[in-house]
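Here the structure comes first, spelled out in structure tokens, and everything after it is commentary.
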Amino acid sequence: MTPSEIRVGVDIGGTFTDVALAHPGGLATGKVMTSHARPEQAIIDGILGAARDAGVDPGAIRQVIHGTTLVTNALIERRGARTAFITTEGFRDVIEMRSENRFEQYDLNIVLPKPLVPRQDRFTLDERMGPNGEVLRPLDPAEVAAMVARVLDGGFEAVAIGLIHAYANDAHERAMAKALREAAPELAISISSVISPQMRELPRFNTVIANAYVQPQVSDYLGRLVSRLRDVGVTAPVYLLHSGGGLISVDTAVEQPVRLLESGPAGGAIFAADYARAHGLDQVLSFDMGGTTAKICLIEDGTPKTANTFEVARTYRFKKGSGMTVSTPVVEMVEIGAGGGSIASIDSMGRLRVGPRSAGSEPGPACYGRGGTEPTVTDANLLLGRLDPENFAGGSIRLHPDRAEAAAKALEMTADAAGFGITELVDENMANAARVHAVENGRDIEHFTMIAFGGGAPLHACRLCEKLGIDELLIPPGAGVGSAIGFLKAPFSFEATRGLFQRLDAFDAEAVTTALAEMEAEAHDFVDDGARGLERTTRLTAQMRYSGQGWEIPVILPHRRLGPDDVPMIHALFEEAYRTLFGRTIDGLPVEITNWLLTVSTVLPPVTPAVRHAAGEAAPALRTRQFLDAAERRIVDAPEVLRSELTPGRMVEGPAIVVEFETCTIVTSGYRVIGQGDGSLRLIRKEARP
Amino acid sequence: MTPTATIDFQIMWNRLIAVVEEQATTLIRTAFSTSVREAGDLSAGLFDRQGRMMAQAVTGTPGHVNAMAESVTHFAARIGPQDTFEGDVFITNDPWLGTGHLHDITVVTPVFRNGVHIGYFACTAHVVDIGGRGFGPDGREVYEEGLLIPITKFAVRGQVQPLLIEMVRANVRTPDQTVGDMYSLAACNKTGERRLLSMMDEFHIDTLGDLSDFIIETSRKATRAAIATVPAGSYGNTMQVDGYDTPVHMEVRLVVEGDRLTADFAGTSGMSKFGVNCPEVYTRAYACYALKCAIAPEVPNNTGSLEPFEITAPEGSILAARRPAPVSVRHVMGHLVPDVVLGALDKAMPGVVPAEGASALWNIQISARPTDPASGLPDREILMFNSGGTGARPAHDGLSATAFPSGVSTMSVEATEHVGPITVWRKDLREGSGGTGAQRGGLGQTIEIEAREGYDFYFNAMFDRVRHPARGREGGGDGAPGRVELADGTELRSKGRQLVRNGQRLRLSLPGGGGHGDPRKRSLEAIAEDIAAGFITAEAARTQYGDDD
């Protein structure tokens, strides 16, 4: 990858498909409406449009990088393949029994999500591995043959195989898969020891089933996409952004489509991480607010925080526990039902609530005048003077303050009180989620810098910083297509995982070395698919805990051959990580490792450091507008400044409103805003701690 | 009150709920005992200066609902304002003043602002060990169940009391973990305090009184309004459960008059000789939880939303045990309280509450011991949480293998097999165990466990609904009763410690939930789905559901 190469990133979202094309002359971006029936059409239109704007020949494009919500949507809408699941006798119902608890404590009528594979399509083999990979009950070849017949008779489109302790010994899974493949080479088969070889049957089974379930569809779609691109002269290889924030080839994506979950939002986090590195910021909270949801991610040392489990397809909006947990590497994001379209209502106690219900883009907020009658966050921003009715979304939508006011009446309060209450509550919801996420990671949010993007973020980010005690906020340019730009900044990477249980007091260095070597070879293989010959880094993470605890914490270990002498070093690194998270360590308890994660990724080119400014001469104001400053609880007179006037080093003292084509940034009375060398806006608290 | 002031109060109320959730999260992540981590056996809350609860985290255990609300009042009464200093931390694990057994330690921290005492943070967690006989029903008096810490100060003006720490260390099997958890409890209150004070800065307030009035009055009004929708009258219900050594008769009478609701357990069996007795506070918690779920689920827990439910049990009954009764495993009876209460409520408001369910958890405490003591193999302890089926709801089937009223999660079998030398050969749904009905009861589950090479194991049975199944409602059938046996069919006892030798396999068949409504009214589609899934047989569809297709 060299800077002179022409590369294009495409992010398919629910409403728009965003395109960002990097070329020697700069960056061309564009948005086209997503076509749900034929998503590849929007990609073609978007790429050709951006190429035209940039004046480049589509044939000169060297890489197409794609992120898609196809996998997530297939799981939410249950539109996957008819899948059979083969498991160990006695464990047929793992995916139906789930964690045996209720995600809503006070609701007598909750309905649990149905498993992706109904019980009649879940078959068992009378075999069993032990926790250390020992065979407790051998696999009977006759039973395998009978199972093949059963699956073929059933007319299934895909098969998932998940056996107990297969992460410790995959022999039975492989034997079953081999027999199926020989009998039906066309059948899509996924096995848990390949897709997610980690201890814990529920997430492993969910993951392998999800993979099989979406595989035929993903394979079709990507096949169609590649050939349609060829048809219009784009012959460049296509790569996909995986949920862990790196690129993989089309072949890998077809083999392990479950890795594409959350691939779009991960692009946003990479976008923010790139700005964090350019600005030399070690601790960043990225904040992405759109029409229906807001997403929050911690970025430390220029790298978005990742996790290896993730809950997908929640059946009760945003309710933890109402979806299915899959174990696949993922950029860890907290998503809450807070966006411009979030609807305000009054509950049985007369309390104002905002979200998680959303008016979406149809009918949209009441002020759009498209039939929406319920008050939303966008309506509230309009009532408070934070949005200009004549100049919303570049003037493409005329807003109707009278409709917003009429909608607010339903809440039985004045327009001002409604506007104030709705925006404060939505900001409060987002601030609370950010605070809890930081606490869960043993971090103090006050030391973070916020990087905000997405259509709604600039309106809310400054108030959010006030609530969180954050002193500095960065709003990069091009924030409307952040994910697509992020795709262009992603490394090629692959994370291999392995469940290999080790107590440190009985550490088997040889077994660990063997496993890590296999994982490394596997990860390099996948990276070779897109980035042969490029320089790489390897990161090794062990998931560790005190014996008897139920949760592990990730501990980064040096990537080298580990010997028996390394045990004290591993122990010390665990204690250091434990202390960071929980403030103390415990003497006398044995320590153990459950799962191992090894990531190989290409080295990112060094970023060009942004020229940063903390003060400067005042930028000229267009006019004065009024808005309600929530912290001060009063209407303030605020100069309205064009973003283009905030050239590097120019400054405006809050309260102020910075307007641009698609959105506007609210600068509250407590902050000032300064233009930066890279076109970002930097907001700094006037009374920042030294 | 101006609209803005009302909105500010609402925002602060929201914030306080987030603050106590954060307090609870901090505790879950730092606590040692499995039941805190996996089962959410903890609570956290904020109280005003008069000891009125303003906010409480929603955690996995309804058993703490009222217990938490009442506990701070006891502290405030015992340690008067003249003895409450900045930097103090109070503590107790008295079952009758805290949350019902010695394993739960409650820590209360008075909060000061500008030198003025404004309120308290409180939290409770189940610790790994508290000495005595260990966690189990075998003590005959509370004295045998471990160390009782009376209401006292853990820290005075910031100084931790060394004698208390030494006393605890000397009396428990896991001194580092138990004392560590005491520090965790104090630290999580500190987290709450920091957040509260910064909120008070932001909103420019110096006391909690007005906010507390607002929260409590709003909640009380909403709860009373909800109670007023329940038809007035007197509604009784009885239920027989297995009990420990002899069957237990539970009896309740609900009286609804306008916006008042009382529940009394007069007529309930007397105390057990074993540690399944509930202090009254624990009974109140589960009864109140059940009533709240059915009547006013939306109102957050605080003094205003709990007080309208007036719940009493006769002193000396198994649901209001007198000192010094043993109470260690009071949850076994406590988990059954919602079923008897909801059964009475059903008579007032039919079509709202579920049928009876398995309700009491089937937790298995396994002690793996080497068959040959000379083999040098280490002893291992393994704990598994497992749930039977819940009762069918008027509009939905019951939930299979799901905890109610408890909020416990199960653990991964693969993880469990790394903890100790056992093989779990089976953990799947128990076909045919859901009570028949227009809405079917949730299925129980079947679990088979065998010791691995070189080991036997003991298990401590505390299983209910073996002799008295969950009853159906409105014509729905009973759930299947539980069964405890060896895989060869040898019956075992459902209560007490028993040995399973190497080569033998323990089989537990967990109870199903009761059905709701006439099975003949079940939709043909639902019956067909149940047959396809194997939840019922085609034969059962004909005989029990009258399905001739």
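Chain labels follow the order of the structure tokens: the first chain is A, the next B, and so on; residue numbering restarts at 1 in every chain, and ligands are counted from 1 in their shown order.
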
Legend entry - Residue neighbourhood Ser412 in chain B, 10 Å, only C-alpha atoms, exclusion window fewer than 6 positions, as JSON, numbers by chain: {"A": [94, 98, 99, 199, 200, 201, 202, 203, 550], "B": [384]}

Legend entry - Counting only C-alpha atoms, chain A residues within 8 Å of chain B, as a ChimeraX atom specification: /A:89-94,97,99-102,105-109,111-112,118-120,130-131,164-165,199-202,348-349,351-352,413,417,421,424-425,428,432,436,439-440,501,548-550,582,586-587

Inset, instruction - Might you pull out every residue within 9 Å of Phe274 in chain B, with only C-alpha atoms counted and same-chain residues fewer than 4 positions away left off, and present them as a VMD selection string? - result: chain B and resid 137 to 141 244 to 245 325 to 329

Legend entry - Two-atom distance - CA of Pro113 in chain A, CA of Lys295 in chain A (Å):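 Calculated distance between CA of Pro113 in chain A and CA of Lys295 in chain A is 23.7 Å.
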
Legend entry - Close residues, range 323-337 of chain A itself excluded, 8 Å, only C-alpha atoms, min 3 positions apart in chain, as JSON, numbers by chain: {"A": [113, 196, 202, 203, 204, 206, 207, 242, 243, 244, 245, 258, 259, 262, 266, 269, 292, 293, 294, 295, 296, 297, 298, 304, 305, 306, 307, 308, 309, 310, 311, 312, 313, 314, 315, 316, 317, 318, 320, 342, 355, 356, 357, 358, 430, 433, 434, 437, 495]}

Using only N, CA and C atoms, please write the residues we just selected to a file, as a compact mmCIF listing (two decimals), in the first residue's frame.
# COMPACT_ATOMS: atom_id res chain seq x y z
N PRO A 113 -35.43 -15.24 22.67
CA PRO A 113 -35.26 -15.38 21.21
C PRO A 113 -35.21 -16.86 20.82
N SER A 196 -14.30 -20.96 15.91
CA SER A 196 -14.15 -20.31 17.21
C SER A 196 -13.62 -21.30 18.25
N LEU A 202 -21.61 -22.49 24.86
CA LEU A 202 -22.70 -21.67 24.31
C LEU A 202 -22.21 -20.67 23.26
N PRO A 203 -21.22 -19.82 23.59
CA PRO A 203 -20.78 -18.90 22.55
C PRO A 203 -20.14 -19.62 21.35
N ARG A 204 -19.43 -20.73 21.60
CA ARG A 204 -18.80 -21.43 20.47
C ARG A 204 -19.86 -22.00 19.54
N ASN A 206 -23.03 -21.00 19.25
CA ASN A 206 -23.71 -19.88 18.59
C ASN A 206 -22.90 -19.39 17.40
N THR A 207 -21.58 -19.31 17.59
CA THR A 207 -20.72 -18.73 16.56
C THR A 207 -20.66 -19.64 15.34
N HIS A 242 -13.18 -6.78 8.73
CA HIS A 242 -13.81 -7.68 9.70
C HIS A 242 -14.10 -6.93 10.99
N SER A 243 -14.88 -7.57 11.85
CA SER A 243 -15.36 -6.87 13.04
C SER A 243 -14.23 -6.49 13.99
N GLY A 244 -13.08 -7.15 13.85
CA GLY A 244 -11.95 -6.82 14.71
C GLY A 244 -11.18 -5.61 14.21
N GLY A 245 -11.61 -5.04 13.07
CA GLY A 245 -10.99 -3.80 12.61
C GLY A 245 -9.84 -4.00 11.64
N VAL A 258 -18.84 -15.04 9.78
CA VAL A 258 -19.23 -14.51 11.09
C VAL A 258 -18.26 -13.40 11.51
N ARG A 259 -17.08 -13.39 10.92
CA ARG A 259 -16.12 -12.32 11.24
C ARG A 259 -16.53 -10.97 10.66
N GLU A 262 -20.68 -6.47 12.45
CA GLU A 262 -20.22 -5.15 12.90
C GLU A 262 -19.10 -4.59 12.06
N ALA A 266 -17.02 -0.82 12.94
CA ALA A 266 -15.59 -0.92 13.26
C ALA A 266 -14.81 0.11 12.46
N ALA A 269 -14.54 3.37 14.27
CA ALA A 269 -13.54 3.36 15.34
C ALA A 269 -12.13 3.52 14.77
N THR A 292 -30.49 6.70 14.69
CA THR A 292 -31.20 5.84 15.64
C THR A 292 -30.35 5.40 16.83
N THR A 293 -29.03 5.34 16.65
CA THR A 293 -28.21 4.87 17.76
C THR A 293 -26.96 5.72 17.91
N ALA A 294 -26.36 5.59 19.08
CA ALA A 294 -25.05 6.20 19.33
C ALA A 294 -24.11 5.07 19.70
N LYS A 295 -22.85 5.18 19.27
CA LYS A 295 -21.87 4.14 19.58
C LYS A 295 -20.65 4.77 20.21
N ILE A 296 -20.15 4.05 21.20
CA ILE A 296 -19.04 4.55 21.99
C ILE A 296 -17.94 3.51 21.99
N CYS A 297 -16.68 3.94 21.83
CA CYS A 297 -15.57 2.98 21.82
C CYS A 297 -14.36 3.62 22.49
N LEU A 298 -13.61 2.84 23.26
CA LEU A 298 -12.39 3.35 23.87
C LEU A 298 -11.22 3.07 22.92
N PRO A 304 -8.23 0.83 18.70
CA PRO A 304 -9.55 0.63 19.31
C PRO A 304 -9.53 -0.61 20.19
N LYS A 305 -10.24 -0.54 21.30
CA LYS A 305 -10.29 -1.67 22.21
C LYS A 305 -11.08 -2.80 21.56
N THR A 306 -10.55 -4.02 21.68
CA THR A 306 -11.27 -5.15 21.10
C THR A 306 -11.70 -6.12 22.19
N ALA A 307 -12.65 -6.94 21.84
CA ALA A 307 -13.12 -7.98 22.76
C ALA A 307 -13.24 -9.25 21.95
N ASN A 308 -13.44 -10.37 22.60
CA ASN A 308 -13.63 -11.56 21.78
C ASN A 308 -14.98 -12.22 21.95
N THR A 309 -15.90 -11.53 22.63
CA THR A 309 -17.28 -11.97 22.52
C THR A 309 -18.14 -10.74 22.26
N PHE A 310 -19.31 -11.01 21.77
CA PHE A 310 -20.13 -9.92 21.27
C PHE A 310 -21.57 -10.43 21.24
N GLU A 311 -22.51 -9.61 21.64
CA GLU A 311 -23.90 -10.03 21.60
C GLU A 311 -24.59 -9.44 20.38
N VAL A 312 -25.15 -10.30 19.57
CA VAL A 312 -25.71 -9.84 18.31
C VAL A 312 -27.21 -10.11 18.29
N ALA A 313 -27.92 -9.37 17.47
CA ALA A 313 -29.35 -9.59 17.22
C ALA A 313 -30.18 -9.57 18.50
N ARG A 314 -30.06 -8.49 19.24
CA ARG A 314 -30.89 -8.38 20.45
C ARG A 314 -32.35 -8.26 20.05
N THR A 315 -33.21 -9.01 20.74
CA THR A 315 -34.61 -9.01 20.38
C THR A 315 -35.38 -7.94 21.14
N TYR A 316 -34.86 -7.48 22.29
CA TYR A 316 -35.44 -6.34 22.99
C TYR A 316 -34.43 -5.22 22.80
N ARG A 317 -34.89 -4.11 22.25
CA ARG A 317 -33.95 -3.08 21.81
C ARG A 317 -32.86 -2.77 22.82
N PHE A 318 -31.65 -3.06 22.42
CA PHE A 318 -30.45 -2.69 23.17
C PHE A 318 -30.38 -3.35 24.55
N LYS A 320 -29.26 -5.83 27.10
CA LYS A 320 -28.20 -6.81 27.29
C LYS A 320 -28.82 -8.16 27.64
N SER A 342 -34.68 9.43 18.00
CA SER A 342 -35.19 8.82 19.24
C SER A 342 -36.42 9.58 19.73
N GLY A 355 -36.14 7.54 23.80
CA GLY A 355 -35.69 6.29 23.21
C GLY A 355 -36.15 5.12 24.06
N PRO A 356 -35.77 3.88 23.75
CA PRO A 356 -34.97 3.55 22.57
C PRO A 356 -35.78 3.52 21.26
N ARG A 357 -37.11 3.77 21.35
CA ARG A 357 -37.89 3.79 20.13
C ARG A 357 -37.42 4.94 19.24
N SER A 358 -37.41 4.71 17.93
CA SER A 358 -36.92 5.75 17.03
C SER A 358 -37.88 5.96 15.87
N MET A 430 -26.48 8.87 27.20
CA MET A 430 -25.21 8.57 26.53
C MET A 430 -24.05 8.70 27.52
N ALA A 433 -23.90 5.68 29.81
CA ALA A 433 -23.36 4.50 29.13
C ALA A 433 -21.85 4.60 28.99
N ALA A 434 -21.36 5.79 28.66
CA ALA A 434 -19.91 5.97 28.50
C ALA A 434 -19.20 5.77 29.83
N HIS A 437 -19.07 2.09 30.78
CA HIS A 437 -18.12 1.37 29.93
C HIS A 437 -16.69 1.62 30.41
N GLU A 495 -7.06 -12.62 13.56
CA GLU A 495 -6.86 -13.07 14.93
C GLU A 495 -7.20 -14.56 15.00

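Proximity to range 80-88 of chain A at 6 Å, evaluated using only C-alpha atoms and with sequence-adjacent residues fewer than 2 positions away removed, yields Ala74, Arg78, Phe91, Asp121, Arg122, Phe123, Thr124, Leu125, Phe156, Glu157, Ala158, Val159, Ala160, Ile161, Gly162, Leu163, Tyr213 and Val214 of chain A.
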
Take the residues from that selection and write them out as a short mmCIF file (atom, residue, chain, number, x, y, z; two decimals), in the first residue's frame, keeping N, CA and C atoms.
data_model
loop_
_atom_site.label_atom_id
_atom_site.label_comp_id
_atom_site.auth_asym_id
_atom_site.auth_seq_id
_atom_site.Cartn_x
_atom_site.Cartn_y
_atom_site.Cartn_z
N ALA A 74 -28.86 -10.45 8.44
CA ALA A 74 -29.36 -11.81 8.22
C ALA A 74 -29.70 -12.47 9.55
N ARG A 78 -33.46 -13.16 10.58
CA ARG A 78 -33.58 -14.62 10.43
C ARG A 78 -33.76 -15.03 8.98
N PHE A 91 -26.18 -32.62 24.67
CA PHE A 91 -25.99 -31.17 24.57
C PHE A 91 -26.78 -30.56 23.41
N ASP A 121 -33.86 -29.85 13.96
CA ASP A 121 -32.72 -29.84 13.05
C ASP A 121 -31.39 -29.92 13.81
N ARG A 122 -31.47 -30.22 15.10
CA ARG A 122 -30.25 -30.38 15.89
C ARG A 122 -30.06 -31.87 16.18
N PHE A 123 -28.94 -32.44 15.72
CA PHE A 123 -28.71 -33.88 15.83
C PHE A 123 -27.52 -34.15 16.73
N THR A 124 -27.51 -35.33 17.36
CA THR A 124 -26.40 -35.61 18.27
C THR A 124 -25.64 -36.87 17.87
N LEU A 125 -24.35 -36.86 18.22
CA LEU A 125 -23.46 -38.00 18.04
C LEU A 125 -23.08 -38.52 19.42
N PHE A 156 -30.70 -29.94 3.81
CA PHE A 156 -30.18 -28.71 4.42
C PHE A 156 -29.24 -27.99 3.46
N GLU A 157 -29.19 -26.65 3.61
CA GLU A 157 -28.29 -25.85 2.78
C GLU A 157 -26.94 -25.65 3.45
N ALA A 158 -26.91 -25.80 4.77
CA ALA A 158 -25.67 -25.57 5.49
C ALA A 158 -25.65 -26.47 6.73
N VAL A 159 -24.45 -26.80 7.19
CA VAL A 159 -24.30 -27.64 8.37
C VAL A 159 -23.28 -27.01 9.30
N ALA A 160 -23.64 -26.93 10.58
CA ALA A 160 -22.68 -26.49 11.60
C ALA A 160 -22.38 -27.69 12.50
N ILE A 161 -21.10 -27.87 12.83
CA ILE A 161 -20.72 -28.95 13.73
C ILE A 161 -20.08 -28.34 14.96
N GLY A 162 -20.61 -28.65 16.12
CA GLY A 162 -20.04 -28.13 17.37
C GLY A 162 -20.09 -29.22 18.42
N LEU A 163 -18.95 -29.78 18.76
CA LEU A 163 -18.89 -30.86 19.75
C LEU A 163 -18.24 -30.35 21.04
N TYR A 213 -25.05 -20.46 9.03
CA TYR A 213 -26.36 -19.90 8.70
C TYR A 213 -26.28 -18.79 7.65
N VAL A 214 -25.22 -17.97 7.71
CA VAL A 214 -25.12 -16.86 6.77
C VAL A 214 -24.23 -17.18 5.57
#

Inset, instruction - Give the alpha helix (DSSP H) residues of range 263-379 of chain A, as assigned by DSSP on the backbone, as JSON, numbers by chain. - result: {"A": [263, 264, 265, 266, 267, 268, 269, 270, 271, 272, 273, 274, 275, 276, 277, 278, 377, 378, 379]}
